[in-house]
2 protein chains.
Amino acid sequence: MAELSPSIEHLIHCLRGLPGVGPKSAQRMALDLLERTPERAARLAEALQTALNKVQRCTQCQNLCESAVCELCADPCRDASQLCVVESPLDVMAIEQSGAFKGGYFVLKGRLSPLDGLGPDEIGLPRLAQRLDQGNVGELILATSSTVEGEATAEFIVQMAKPHGIAVSRLARGIPLGGELGLVDRHTLSHALNGRKAF
Amino acid sequence: MAELSPSIEHLIHCLRGLPGVGPKSAQRMALDLLERTPERAARLAEALQTALNKVQRCTQCQNLCESAVCELCADPCRDASQLCVVESPLDVMAIEQSGAFKGGYFVLKGRLSPLDGLGPDEIGLPRLAQRLDQGNVGELILATSSTVEGEATAEFIVQMAKPHGIAVSRLARGIPLGGELGLVDRHTLSHALNGRKAF
């Protein structure tokens with residue numbers, strides 16, 4: 001029985017590797033690219049190649065960037081003694097967009113997840129240990145995710161920071177702005193109650 | 001305010017061009033490719049490039065293939081006097097998987113949609129006219145979609161076939177196998193009633 005040509009099948013297979021893309025969407029993407037927008041397919045191939053060639057990890061904070069030290073680490077206006085630890089470059093972007101933080105970042109390569117083979121070495125914790133050893137960090141702000149793995153990662157970092165006597169804090173948990181109580185899950189609500197603040 | 005590096009931003013922009021991919025999924029895809037699976041990103045770039053270089057339209061039926069004439073058109077066992085007209089290579093694959101058709105195909109480049117600038121020339125109808133002129137086609141089976149544009153395309157082809165005295169048919173519409181009456185929309189139901197068959 002005849003099928004699509006081998007190179008289309010291979011393209012579909014590669015597109016299926018993308019997060020959130022199933023067999024049907026991969027087919028649709030491949031045929032859309034080849035049939036309707038080949039110039040877009042060429043641009044995408046080039047963008048992938050360029051990004052692969054140019055993007056590297058910042059030697060200071062492990063953020064993705066295009067030079068040895070990222071813009072944020074190189075910025076003399078930022079307070080390098082405050083270090084916010086996040087799980088991904090997207091988290092850096094989100095915090096930067098809030099405009100509420102002017103310190104430095106340390107970007108983990110995900111979070112501890114032994115079942116997925118992600119231990120301290122895999123997520124880049126040794127580099128964080130070096131940063132702490134250098135003695136320039138006065139405060140660590142942990143912004144790992146509120147999942148079991150995120151919490152375990154935070155706990156691990158707390159233990160790393162202890163011998164250095166560094167102040168460690170965690171992002172506040174509570175009701176999101178504009179959030180209705182009825183729509184907030186009970187764990188968040190219990191965090192919000194326990195963390196209540198006096199007027 | 002610092003953002004992601006320019007080549008990551010560009011990659012995200014290119015991924016957003018894929019059907020069904022919004023800004024958030026494009027971000028997730030780009031970072032997943034660069035952070036976790038760079039070898040996959042390289043494979044995808046190469047697959048895109050290979051497909052762009054190799055894939056062409058069959059000169060007979062306009063299907064996507066890797067040679068001047070596709071496997072289906074080159075197959076001597078298929079009845080070339082029966083021609084099934086579809087809107088996309090995916091439709092060919094779907095009909096082939098049913099195993100119910102052993103004739104030839106003609107693959108349109110979509111369907112007539114004047115608002116999108118898709119007229120008869122854009123969807124490749126002149127090539128179909130040539131096929132009909134050659135006089136080898138005895139029967140046309142229209143398998144364009146059941147949308148307003150699909151119907152208009154079918155109607156256009158009926159008019160093209162008329163002077164040649166070619167038998168033209170349309171895929172039957174009705175209740176899908178295993179379909180419950182309560183879940184079938186009323187237009188399909190009315191087609192099923194009008195097209196009822198005697199035992």
# chains A, B, ... in the order shown; residues from 1 in each chain; ligands from 1
$ residues_around --residues "Leu4 (chain B)" --least-positions-apart "2" --cutoff "9 Å" --atoms "only C-alpha atoms" --output "list in words"
Leu64, Cys65, Pro89, Leu90, Val92 and Met93 of chain A; Ala2, Pro6, Ser7, Ile8 and Glu9 of chain B
$ residues_around --residues "Arg131 (chain B)" --least-positions-apart "6" --cutoff "10 Å" --atoms "only C-alpha atoms" --output "CSV table (one decimal) with N, CA and C atoms, in the first residue's frame"
chain,number,residue,atom,x,y,z
B,60,GLN,N,1.8,13.8,-13.1
B,60,GLN,CA,0.5,13.3,-13.5
B,60,GLN,C,-0.7,13.7,-12.6
B,61,CYS,N,-0.5,13.6,-11.3
B,61,CYS,CA,-1.6,13.7,-10.4
B,61,CYS,C,-1.4,14.8,-9.3
B,83,LEU,N,-10.6,8.2,-11.9
B,83,LEU,CA,-9.8,9.2,-11.3
B,83,LEU,C,-10.5,9.8,-10.1
B,106,PHE,N,-6.2,12.4,-8.5
B,106,PHE,CA,-5.7,13.7,-8.9
B,106,PHE,C,-5.8,14.6,-7.6
B,125,LEU,N,-6.3,23.2,-11.2
B,125,LEU,CA,-7.3,22.6,-12.1
B,125,LEU,C,-6.9,22.5,-13.6
B,137,VAL,N,-9.6,9.3,-19.2
B,137,VAL,CA,-10.4,9.2,-18.0
B,137,VAL,C,-11.8,8.9,-18.4
$ residues_around --residues "Leu34 (chain B)" --least-positions-apart "5" --cutoff "10 Å" --atoms "only C-alpha atoms" --output "list in words"
Leu48, Ala51, Leu52, Val55, Gln56 and Leu64 of chain A; Ile8, Met29, Glu39, Arg40, Ala41 and Ala42 of chain B
$ select_by_dssp --residues "region 31-173 of chain B" --states "alpha helix (DSSP H)" --output "PyMOL selection string"
chain B and resi 31+38-54+71-74+89-98+125-133+148-161
$ select_by_dssp --residues "chain B" --states "strand (DSSP E)" --output "VMD selection string"
chain B and resid 56 to 57 64 to 65 79 to 86 103 to 107 139 to 142 167 to 170
$ atom_distance --atom1 "CA of His13 (chain B)" --atom2 "CA of Ile95 (chain A)"
21.2 Å
$ residues_around --residues "Arg36 (chain A)" --least-positions-apart "6" --cutoff "12 Å" --atoms "only C-alpha atoms" --output "VMD selection string"
(chain A and resid 28 to 30) or (chain B and resid 17 to 19 52 64 88 108 to 110 118 122 to 123)
$ closest_residue --among "A:Leu15, A:Leu181, A:Met160, A:Leu72" --to "Gln130 (chain A)" --atoms "only C-alpha atoms"
A:Met160
$ closest_residue --among "A:Gly135, A:Pro38, A:Pro114, A:Pro23" --to "chain B" --atoms "only C-alpha atoms"
A:Pro38
$ residues_around --residues "Asp79 (chain B)" --least-positions-apart "3" --cutoff "7 Å" --atoms "only C-alpha atoms" --output "list in words"
Gln82, Lys102, Gly103 and Gly104 of chain B
$ residues_around --residues "Ile166 (chain A)" --least-positions-apart "6" --cutoff "8 Å" --atoms "only C-alpha atoms" --output "PyMOL selection string"
chain A and resi 137-140
$ atom_distance --atom1 "CA of Ala143 (chain A)" --atom2 "CA of Val86 (chain A)"
5.1 Å
$ atom_distance --atom1 "CA of Ala68 (chain B)" --atom2 "CA of Glu35 (chain A)"
16.2 Å
$ residues_around --residues "Leu193 (chain B)" --least-positions-apart "3" --cutoff "12 Å" --atoms "only C-alpha atoms" --output "PyMOL selection string"
chain B and resi 172-175+181+186-190+196-198
